[in-house]
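For reference, data.json (JSON, C-alpha atoms):
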```json
[["chain", "number", "residue", "atom", "x", "y", "z"],
["J", 1, "MET", "CA", 33.09, -7.87, 27.38],
["J", 2, "HIS", "CA", 33.62, -5.76, 24.27],
["J", 3, "CYS", "CA", 32.01, -6.18, 20.87],
["J", 4, "LYS", "CA", 33.43, -4.15, 17.99],
["J", 5, "VAL", "CA", 31.63, -3.49, 14.71],
["J", 6, "ARG", "CA", 33.27, -1.73, 11.79],
["J", 7, "LEU", "CA", 31.13, 0.19, 9.31],
["J", 8, "GLN", "CA", 32.84, 0.85, 6.00],
["J", 9, "ALA", "CA", 31.47, 3.00, 3.19],
["J", 10, "PRO", "CA", 32.78, 2.87, -0.41],
["J", 11, "GLU", "CA", 35.81, 5.01, -1.32],
["J", 12, "GLY", "CA", 34.91, 8.71, -1.49],
["J", 13, "TYR", "CA", 32.06, 8.27, 0.99],
["J", 14, "ALA", "CA", 31.84, 8.65, 4.77],
["J", 15, "VAL", "CA", 29.62, 7.00, 7.40],
["J", 16, "MET", "CA", 27.02, 8.78, 9.52],
["J", 17, "ILE", "CA", 25.28, 7.28, 12.56],
["J", 18, "SER", "CA", 22.07, 8.79, 13.94],
["J", 19, "ILE", "CA", 21.04, 7.58, 17.40],
["J", 20, "ARG", "CA", 17.36, 6.70, 17.83],
["J", 21, "GLU", "CA", 17.33, 4.87, 21.16],
["J", 22, "ILE", "CA", 19.71, 3.97, 24.00],
["J", 23, "GLY", "CA", 18.57, 2.14, 27.12],
["J", 24, "PHE", "CA", 21.27, 0.35, 29.11],
["J", 25, "ARG", "CA", 21.55, -1.16, 32.60],
["J", 26, "VAL", "CA", 22.97, 1.03, 35.36],
["J", 27, "LYS", "CA", 24.76, 0.18, 38.60],
["J", 28, "SER", "CA", 23.53, 1.19, 42.06],
["J", 29, "ASP", "CA", 25.86, 4.22, 41.98],
["J", 30, "SER", "CA", 24.20, 5.35, 38.67],
["J", 31, "SER", "CA", 27.26, 4.49, 36.59],
["J", 32, "CYS", "CA", 26.71, 2.46, 33.44],
["J", 33, "LYS", "CA", 26.94, -1.32, 33.32],
["J", 34, "ASP", "CA", 26.70, -1.19, 29.53],
["J", 35, "TRP", "CA", 27.59, 1.53, 27.07],
["J", 36, "LEU", "CA", 28.15, 2.23, 23.41],
["J", 37, "GLU", "CA", 31.34, 3.89, 22.20],
["J", 38, "ILE", "CA", 31.21, 5.92, 18.97],
["J", 39, "GLN", "CA", 34.14, 8.10, 17.88],
["J", 40, "LYS", "CA", 35.82, 7.42, 21.26],
["J", 41, "ARG", "CA", 32.80, 8.91, 23.06],
["J", 42, "PRO", "CA", 30.98, 6.66, 25.57],
["J", 43, "LEU", "CA", 27.20, 6.80, 25.32],
["J", 44, "CYS", "CA", 25.02, 5.33, 28.05],
["J", 45, "LYS", "CA", 22.48, 8.02, 28.92],
["J", 46, "THR", "CA", 18.93, 6.83, 28.23],
["J", 47, "THR", "CA", 17.81, 8.35, 24.95],
["J", 48, "PHE", "CA", 14.66, 8.00, 22.88],
["J", 49, "ARG", "CA", 14.50, 10.38, 19.96],
["J", 50, "LEU", "CA", 12.43, 9.59, 16.93],
["J", 51, "GLU", "CA", 14.01, 12.56, 15.15],
["J", 52, "GLU", "CA", 17.50, 11.04, 15.61],
["J", 53, "ASP", "CA", 19.12, 14.46, 16.12],
["J", 54, "GLN", "CA", 22.16, 13.00, 17.92],
["J", 55, "HIS", "CA", 24.52, 11.94, 15.14],
["J", 56, "TYR", "CA", 28.19, 11.20, 14.46],
["J", 57, "ASP", "CA", 30.12, 11.03, 11.19],
["J", 58, "SER", "CA", 33.47, 9.61, 10.09],
["J", 59, "LEU", "CA", 34.71, 12.63, 8.08],
["J", 60, "LEU", "CA", 37.64, 13.29, 10.45],
["J", 61, "ASN", "CA", 38.65, 9.62, 10.68],
["J", 62, "ASN", "CA", 41.63, 8.23, 8.83],
["J", 63, "PRO", "CA", 40.48, 6.77, 6.46],
["J", 64, "PRO", "CA", 37.24, 8.78, 6.41],
["J", 65, "ASN", "CA", 35.09, 5.93, 5.09],
["J", 66, "ILE", "CA", 35.46, 3.75, 8.22],
["J", 67, "MET", "CA", 33.77, 4.05, 11.60],
["J", 68, "ASP", "CA", 34.17, 1.67, 14.53],
["J", 69, "ILE", "CA", 31.41, 1.12, 17.08],
["J", 70, "ILE", "CA", 32.21, -0.66, 20.34],
["J", 71, "TYR", "CA", 29.61, -2.12, 22.69],
["J", 72, "HIS", "CA", 30.84, -2.63, 26.28],
["J", 73, "THR", "CA", 29.00, -4.71, 28.84],
["J", 74, "ASP", "CA", 29.64, -5.40, 32.51],
["J", 75, "LYS", "CA", 31.40, -8.64, 33.45],
["J", 76, "ASP", "CA", 28.25, -10.08, 35.05],
["J", 77, "GLY", "CA", 27.29, -11.25, 31.58],
["J", 78, "LEU", "CA", 24.25, -11.05, 29.43],
["J", 79, "ASP", "CA", 21.19, -13.11, 30.17],
["J", 80, "ASN", "CA", 17.51, -12.55, 29.57],
["J", 81, "ARG", "CA", 16.78, -11.83, 33.24],
["J", 82, "SER", "CA", 19.40, -9.08, 33.65],
["J", 83, "LEU", "CA", 18.53, -7.46, 30.30],
["J", 84, "SER", "CA", 14.76, -7.52, 30.78],
["J", 85, "GLY", "CA", 13.30, -4.04, 30.45],
["J", 86, "TYR", "CA", 16.36, -2.53, 28.78],
["J", 87, "PRO", "CA", 15.98, -1.94, 25.01],
["J", 88, "GLY", "CA", 19.71, -1.70, 24.28],
["J", 89, "PHE", "CA", 20.33, 0.62, 21.35],
["J", 90, "THR", "CA", 18.97, 1.47, 17.92],
["J", 91, "PHE", "CA", 20.67, 3.66, 15.37],
["J", 92, "THR", "CA", 20.61, 4.38, 11.65],
["J", 93, "TYR", "CA", 23.79, 4.39, 9.63],
["J", 94, "THR", "CA", 24.14, 6.01, 6.23],
["J", 95, "ALA", "CA", 26.90, 6.27, 3.63],
["J", 96, "PHE", "CA", 27.15, 9.84, 2.33],
["J", 97, "THR", "CA", 29.50, 11.97, 0.29],
["J", 98, "LYS", "CA", 30.29, 15.66, -0.09],
["J", 99, "ASP", "CA", 31.54, 15.13, -3.66],
["J", 100, "SER", "CA", 28.88, 15.90, -6.30],
["J", 101, "THR", "CA", 30.85, 14.10, -9.03],
["J", 102, "LEU", "CA", 30.49, 10.67, -7.37],
["J", 103, "ASN", "CA", 26.73, 10.40, -7.80],
["J", 104, "SER", "CA", 24.90, 12.98, -9.90],
["J", 105, "SER", "CA", 21.45, 11.59, -8.95],
["J", 106, "ALA", "CA", 22.12, 11.80, -5.18],
["J", 107, "PHE", "CA", 19.84, 13.80, -2.90],
["J", 108, "GLU", "CA", 21.65, 16.90, -1.66],
["J", 109, "CYS", "CA", 21.00, 17.63, 2.01],
["J", 110, "THR", "CA", 20.87, 21.19, 3.35],
["J", 111, "ASN", "CA", 24.22, 20.60, 5.12],
["J", 112, "GLY", "CA", 25.92, 19.57, 1.84],
["J", 113, "ASN", "CA", 25.85, 15.82, 2.44],
["J", 114, "ARG", "CA", 24.74, 13.77, -0.56],
["J", 115, "ILE", "CA", 22.81, 10.53, 0.03],
["J", 116, "TRP", "CA", 21.03, 7.94, -2.10],
["J", 117, "PRO", "CA", 17.62, 9.43, -3.06],
["J", 118, "GLY", "CA", 15.77, 6.31, -1.85],
["J", 119, "LEU", "CA", 16.61, 7.30, 1.74],
["J", 120, "THR", "CA", 14.41, 10.42, 1.71],
["J", 121, "CYS", "CA", 11.07, 10.37, 3.53],
["J", 122, "ASP", "CA", 11.85, 7.08, 5.33],
["J", 123, "SER", "CA", 11.47, 8.47, 8.89],
["J", 124, "HIS", "CA", 15.22, 8.27, 9.56],
["J", 125, "ASN", "CA", 17.70, 11.15, 9.80],
["J", 126, "ASN", "CA", 20.05, 10.06, 7.00],
["J", 127, "CYS", "CA", 21.34, 13.59, 6.32],
["J", 128, "GLY", "CA", 22.19, 14.47, 9.91],
["J", 129, "ASP", "CA", 20.14, 17.69, 9.70],
["J", 130, "GLN", "CA", 16.68, 16.17, 9.03],
["J", 131, "SER", "CA", 16.53, 17.79, 5.57],
["J", 132, "ASP", "CA", 15.75, 14.38, 4.03],
["J", 133, "GLU", "CA", 12.55, 14.20, 6.12],
["J", 134, "GLU", "CA", 11.10, 17.70, 5.64],
["J", 135, "ALA", "CA", 7.46, 18.02, 4.62],
["J", 136, "LYS", "CA", 8.41, 20.81, 2.21],
["J", 137, "GLY", "CA", 11.69, 21.76, 0.60],
["J", 138, "ARG", "CA", 14.08, 19.49, -1.26],
["J", 139, "SER", "CA", 12.78, 16.19, 0.10],
["J", 140, "ASN", "CA", 9.07, 17.18, -0.15],
["J", 141, "CYS", "CA", 7.85, 14.36, 2.10],
["J", 142, "GLY", "CA", 4.39, 15.88, 2.45],
["J", 143, "ILE", "CA", 2.29, 15.76, 5.58],
["J", 144, "GLY", "CA", 2.16, 12.00, 5.98],
["J", 145, "GLY", "CA", 5.02, 10.86, 3.78],
["J", 146, "ARG", "CA", 4.80, 7.19, 2.89],
["J", 147, "ALA", "CA", 2.16, 6.50, 5.53],
["J", 148, "SER", "CA", -0.42, 8.57, 3.63],
["J", 149, "MET", "CA", 0.30, 6.53, 0.49],
["J", 150, "VAL", "CA", -0.31, 3.30, 2.41],
["J", 151, "PHE", "CA", -3.66, 4.59, 3.69],
["J", 152, "PHE", "CA", -4.62, 5.73, 0.19],
["J", 153, "PHE", "CA", -3.94, 2.31, -1.34],
["J", 154, "LEU", "CA", -5.68, 0.59, 1.58],
["J", 155, "GLY", "CA", -8.77, 2.75, 1.00],
["J", 156, "VAL", "CA", -8.76, 1.94, -2.72],
["J", 157, "LEU", "CA", -8.50, -1.77, -1.91],
["J", 158, "ILE", "CA", -11.46, -1.61, 0.51],
["J", 159, "VAL", "CA", -13.61, 0.22, -2.04],
["J", 160, "PHE", "CA", -12.69, -2.36, -4.69],
["J", 161, "VAL", "CA", -13.65, -5.27, -2.40],
["J", 162, "LEU", "CA", -17.00, -3.61, -1.57],
["J", 163, "ILE", "CA", -17.77, -3.10, -5.28],
["J", 164, "MET", "CA", -16.93, -6.75, -6.00],
["J", 165, "MET", "CA", -19.25, -7.89, -3.18],
["J", 166, "CYS", "CA", -22.11, -5.78, -4.60],
["J", 167, "VAL", "CA", -21.55, -7.18, -8.10],
["J", 168, "ALA", "CA", -21.50, -10.75, -6.75],
["J", 169, "THR", "CA", -24.74, -10.15, -4.81],
["J", 170, "LEU", "CA", -26.48, -8.74, -7.89],
["J", 171, "LEU", "CA", -25.31, -11.61, -10.08],
["J", 172, "CYS", "CA", -26.50, -14.18, -7.54],
["J", 173, "SER", "CA", -29.93, -12.54, -7.22],
["J", 174, "LYS", "CA", -30.42, -12.77, -11.02],
["J", 175, "ASN", "CA", -29.52, -16.49, -11.08],
["J", 176, "PRO", "CA", -32.79, -18.56, -11.08],
["J", 177, "THR", "CA", -31.23, -21.50, -9.18],
["J", 178, "VAL", "CA", -30.05, -19.26, -6.35],
["J", 179, "THR", "CA", -33.46, -17.53, -6.22],
["J", 180, "ARG", "CA", -35.29, -20.92, -6.03],
["J", 181, "LEU", "CA", -32.98, -22.14, -3.21],
["J", 182, "ARG", "CA", -33.48, -18.90, -1.31],
["J", 183, "ARG", "CA", -37.32, -19.27, -1.52],
["J", 184, "ARG", "CA", -37.14, -22.87, -0.22],
["J", 185, "THR", "CA", -34.95, -21.81, 2.69],
["J", 186, "ILE", "CA", -37.28, -18.98, 3.64],
["J", 187, "SER", "CA", -40.42, -21.17, 3.41],
["J", 188, "ALA", "CA", -38.82, -23.90, 5.56],
["J", 189, "ILE", "CA", -38.29, -21.55, 8.50],
["J", 190, "PRO", "CA", -41.23, -22.02, 10.93],
["J", 191, "ARG", "CA", -43.21, -19.03, 12.01],
["J", 192, "LEU", "CA", -43.26, -18.50, 15.76],
["J", 193, "GLY", "CA", -46.78, -17.11, 15.83],
["J", 194, "ALA", "CA", -48.29, -20.09, 13.93],
["J", 195, "ARG", "CA", -47.15, -22.67, 16.48],
["J", 196, "TYR", "CA", -48.67, -20.95, 19.50],
["J", 197, "SER", "CA", -51.97, -19.83, 17.99],
["J", 198, "THR", "CA", -55.25, -21.32, 19.31]]
```
Is it possible to give me this structure as structure tokens?
Amino acid sequence: MHCKVRLQAPEGYAVMISIREIGFRVKSDSSCKDWLEIQKRPLCKTTFRLEEDQHYDSLLNNPPNIMDIIYHTDKDGLDNRSLSGYPGFTFTYTAFTKDSTLNSSAFECTNGNRIWPGLTCDSHNNCGDQSDEEAKGRSNCGIGGRASMVFFFLGVLIVFVLIMMCVATLLCSKNPTVTRLRRRTISAIPRLGARYST
């Protein structure tokens, strides 16, 4: 069985694919039951790379803004039992250009590719050379990137909730009705020592 997907970028742009994960079934002779074909290259070797350093682009294709991806699977079919334990594949695809006149606000990668600036510091290799994920340099992702911002806002939220709880406690302790109810509750609780004294 073959499944073909066509990725098409706008005119003047090309497509880049960065492989993050490949995990396919293998036959008893170690040949692949399933594989991915990109740029007429079969890929079936198990891969897990968070840095996505294995990448392919459509610059040499005709037209250069189109890339076809073909997924092949063995004739025994696809069911949950035979696929269990095999993650399949994960990749990132990005439209990029080399032409600076197409988008003046684009992020310029170290390798000359130009991508949408919103793709920097997103933990994906959109440039093909990781320059959109660098802690320093053009992308300036910092040590934690977006994760540090999430922790910062989470910390601010926790502090805010704690302050609101303190304010609510103080306001309730000043309220005479709440104070009267609290005294009644405390006086209604029996003392253990009083019941057993002789």
Cut-off 12 Å: closest range 106-136 of chain J/range 15-30 of chain J atom pairs per residue, using all atoms listed in the file, as a tab-separated table:
```
residue	atom	partner	partner_atom	distance
J:Asn113	CA	J:Met16	CA	10.1
J:Arg114	CA	J:Met16	CA	11.5
J:Ile115	CA	J:Met16	CA	10.5
J:Ser123	CA	J:Arg20	CA	10.9
J:His124	CA	J:Ser18	CA	8.1
J:Asn125	CA	J:Ser18	CA	6.5
J:Asn126	CA	J:Ser18	CA	7.3
J:Cys127	CA	J:Met16	CA	8.1
J:Gly128	CA	J:Ser18	CA	7.0
J:Asp129	CA	J:Ser18	CA	10.0
J:Gln130	CA	J:Ser18	CA	10.4
```
With distances taken over only C-alpha atoms, which residue among J:Tyr13, J:Asn175, J:Cys121, J:Ile38 lies nearest Thr94 in chain J?
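Closest candidate: J:Tyr13.
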Applying 7 Å and all atoms listed in the file, which residues near Thr110 in chain J remain after dropping the ones on its own chain fewer than 2 positions away? List them as a PDB file with C-alpha atoms, in the frame of the given file.
```
ATOM      1  CA  GLU J 108      21.650  16.900  -1.660  1.00  0.00           C
ATOM      2  CA  GLY J 112      25.920  19.570   1.840  1.00  0.00           C
ATOM      3  CA  SER J 131      16.530  17.790   5.570  1.00  0.00           C
TER       4      SER J 131
END
```
Would you compute the distance between CA of Asn61 in chain J and CA of Asp122 in chain J? Give it in Å to one decimal.
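CA of Asp122 in chain J lies 27.4 Å from CA of Asn61 in chain J.
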Do you know which residues are at most 9 Å from range 5-11 of chain J counting all atoms listed in the file, after dropping those on the same chain fewer than 3 positions away, and could you put them as a list in words?
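Residues meeting the cut-off are Ala14, Val15, Pro64, Asn65, Ile66, Met67, Asp68, Ile69, Ile70, Tyr71, Tyr93, Thr94, Ala95 and Phe96 of chain J.
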Coordinates-based distance that separates CA of Pro87 in chain J from CA of His72 in chain J (Å, one decimal)
14.9 Å
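In this structure, CA of Phe151 in chain J sits 19.8 Å away from CA of Glu134 in chain J.
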Counting all atoms listed in the file, select every polymer residue within 6 Å of (17.8, 15.1, -1.6) as defined in the file's coordinates, and provide the selection as JSON, numbers by chain.
{"J": [107, 108, 109, 117, 138, 139]}
Selected residue, from J:Thr169, J:Glu133, J:Phe48, J:Asp99, that lies nearest to Leu119 in chain J when counting only C-alpha atoms
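Checking each of J:Thr169, J:Glu133, J:Phe48, J:Asp99 against Leu119 in chain J, counting only C-alpha atoms, the winner is J:Glu133.
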What would range 98-145 of chain J look like if you wrote it out as a short mmCIF file (atom, residue, chain, number, x, y, z; two decimals), in the first residue's frame, with N, CA and C atoms included, from the block I just posted?
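Generated file (out_35.cif):
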```
data_model
loop_
_atom_site.label_atom_id
_atom_site.label_comp_id
_atom_site.auth_asym_id
_atom_site.auth_seq_id
_atom_site.Cartn_x
_atom_site.Cartn_y
_atom_site.Cartn_z
N LYS J 98 14.85 31.88 -0.31
CA LYS J 98 16.20 32.45 -0.33
C LYS J 98 16.13 33.92 -0.76
N ASP J 99 14.97 34.34 -1.25
CA ASP J 99 14.78 35.68 -1.82
C ASP J 99 14.39 36.68 -0.72
N SER J 100 15.23 37.66 -0.46
CA SER J 100 14.96 38.64 0.60
C SER J 100 13.87 39.63 0.21
N THR J 101 13.52 39.72 -1.07
CA THR J 101 12.49 40.68 -1.48
C THR J 101 11.08 40.16 -1.24
N LEU J 102 10.91 38.85 -1.03
CA LEU J 102 9.58 38.28 -0.84
C LEU J 102 8.98 38.62 0.52
N ASN J 103 9.81 38.67 1.53
CA ASN J 103 9.31 38.94 2.88
C ASN J 103 10.41 39.65 3.66
N SER J 104 10.29 40.96 3.79
CA SER J 104 11.35 41.75 4.44
C SER J 104 11.41 41.50 5.94
N SER J 105 10.33 41.02 6.56
CA SER J 105 10.33 40.78 8.00
C SER J 105 10.72 39.35 8.35
N ALA J 106 11.10 38.54 7.37
CA ALA J 106 11.43 37.13 7.61
C ALA J 106 12.70 37.01 8.45
N PHE J 107 12.79 35.91 9.19
CA PHE J 107 13.99 35.60 9.96
C PHE J 107 15.00 34.98 9.00
N GLU J 108 16.21 35.52 8.98
CA GLU J 108 17.25 34.99 8.10
C GLU J 108 18.11 33.99 8.85
N CYS J 109 18.08 32.75 8.39
CA CYS J 109 18.87 31.68 8.99
C CYS J 109 20.34 31.84 8.62
N THR J 110 21.21 31.19 9.34
CA THR J 110 22.64 31.25 9.05
C THR J 110 22.95 30.70 7.66
N ASN J 111 22.19 29.71 7.19
CA ASN J 111 22.42 29.11 5.88
C ASN J 111 21.77 29.90 4.73
N GLY J 112 21.18 31.06 5.03
CA GLY J 112 20.58 31.90 3.99
C GLY J 112 19.10 31.67 3.77
N ASN J 113 18.53 30.63 4.37
CA ASN J 113 17.08 30.42 4.27
C ASN J 113 16.37 31.52 5.05
N ARG J 114 15.20 31.91 4.57
CA ARG J 114 14.39 32.92 5.25
C ARG J 114 13.05 32.29 5.59
N ILE J 115 12.69 32.34 6.89
CA ILE J 115 11.45 31.73 7.37
C ILE J 115 10.61 32.77 8.09
N TRP J 116 9.35 32.44 8.33
CA TRP J 116 8.47 33.32 9.10
C TRP J 116 9.04 33.47 10.50
N PRO J 117 9.14 34.69 11.05
CA PRO J 117 9.77 34.89 12.36
C PRO J 117 9.07 34.17 13.51
N GLY J 118 7.80 33.84 13.38
CA GLY J 118 7.09 33.12 14.43
C GLY J 118 7.56 31.69 14.61
N LEU J 119 8.40 31.19 13.72
CA LEU J 119 8.90 29.81 13.82
C LEU J 119 10.20 29.71 14.61
N THR J 120 10.74 30.84 15.06
CA THR J 120 11.97 30.78 15.86
C THR J 120 11.64 30.36 17.28
N CYS J 121 12.57 29.69 17.92
CA CYS J 121 12.46 29.28 19.33
C CYS J 121 11.23 28.41 19.59
N ASP J 122 10.86 27.55 18.65
CA ASP J 122 9.69 26.68 18.83
C ASP J 122 10.08 25.21 19.01
N SER J 123 11.37 24.96 19.21
CA SER J 123 11.92 23.60 19.42
C SER J 123 11.84 22.73 18.17
N HIS J 124 11.75 23.34 17.00
CA HIS J 124 11.78 22.60 15.73
C HIS J 124 12.83 23.23 14.82
N ASN J 125 13.51 22.40 14.05
CA ASN J 125 14.56 22.86 13.15
C ASN J 125 13.94 23.35 11.85
N ASN J 126 13.42 24.55 11.84
CA ASN J 126 12.77 25.10 10.65
C ASN J 126 13.77 25.64 9.63
N CYS J 127 14.97 25.99 10.07
CA CYS J 127 15.99 26.51 9.15
C CYS J 127 16.75 25.40 8.44
N GLY J 128 16.89 24.26 9.09
CA GLY J 128 17.70 23.18 8.53
C GLY J 128 19.10 23.17 9.11
N ASP J 129 19.49 24.25 9.79
CA ASP J 129 20.82 24.32 10.41
C ASP J 129 20.74 24.67 11.90
N GLN J 130 19.54 24.61 12.47
CA GLN J 130 19.28 24.90 13.88
C GLN J 130 19.48 26.36 14.27
N SER J 131 19.75 27.25 13.32
CA SER J 131 20.01 28.64 13.69
C SER J 131 18.76 29.35 14.21
N ASP J 132 17.57 28.79 13.98
CA ASP J 132 16.34 29.38 14.52
C ASP J 132 16.08 28.94 15.95
N GLU J 133 16.94 28.09 16.51
CA GLU J 133 16.77 27.58 17.87
C GLU J 133 17.95 27.89 18.78
N GLU J 134 18.88 28.71 18.33
CA GLU J 134 20.08 29.00 19.12
C GLU J 134 19.76 29.87 20.33
N ALA J 135 20.45 29.58 21.44
CA ALA J 135 20.24 30.37 22.66
C ALA J 135 20.74 31.80 22.46
N LYS J 136 21.80 31.96 21.70
CA LYS J 136 22.33 33.29 21.40
C LYS J 136 22.39 33.43 19.89
N GLY J 137 22.70 34.59 19.41
CA GLY J 137 22.77 34.81 17.97
C GLY J 137 21.52 35.45 17.44
N ARG J 138 21.20 35.19 16.20
CA ARG J 138 20.06 35.86 15.56
C ARG J 138 18.73 35.51 16.21
N SER J 139 18.52 34.25 16.55
CA SER J 139 17.22 33.86 17.10
C SER J 139 17.08 34.24 18.57
N ASN J 140 18.19 34.22 19.33
CA ASN J 140 18.22 34.65 20.73
C ASN J 140 17.12 33.97 21.54
N CYS J 141 17.10 32.64 21.53
CA CYS J 141 16.07 31.89 22.24
C CYS J 141 16.29 31.87 23.75
N GLY J 142 17.46 32.24 24.22
CA GLY J 142 17.72 32.21 25.65
C GLY J 142 17.94 30.79 26.13
N ILE J 143 18.12 30.65 27.42
CA ILE J 143 18.42 29.33 27.98
C ILE J 143 17.21 28.42 27.88
N GLY J 144 16.05 28.91 28.29
CA GLY J 144 14.88 28.04 28.31
C GLY J 144 13.91 28.29 27.18
N GLY J 145 14.10 29.36 26.43
CA GLY J 145 13.16 29.66 25.35
C GLY J 145 11.78 29.95 25.91
#
```
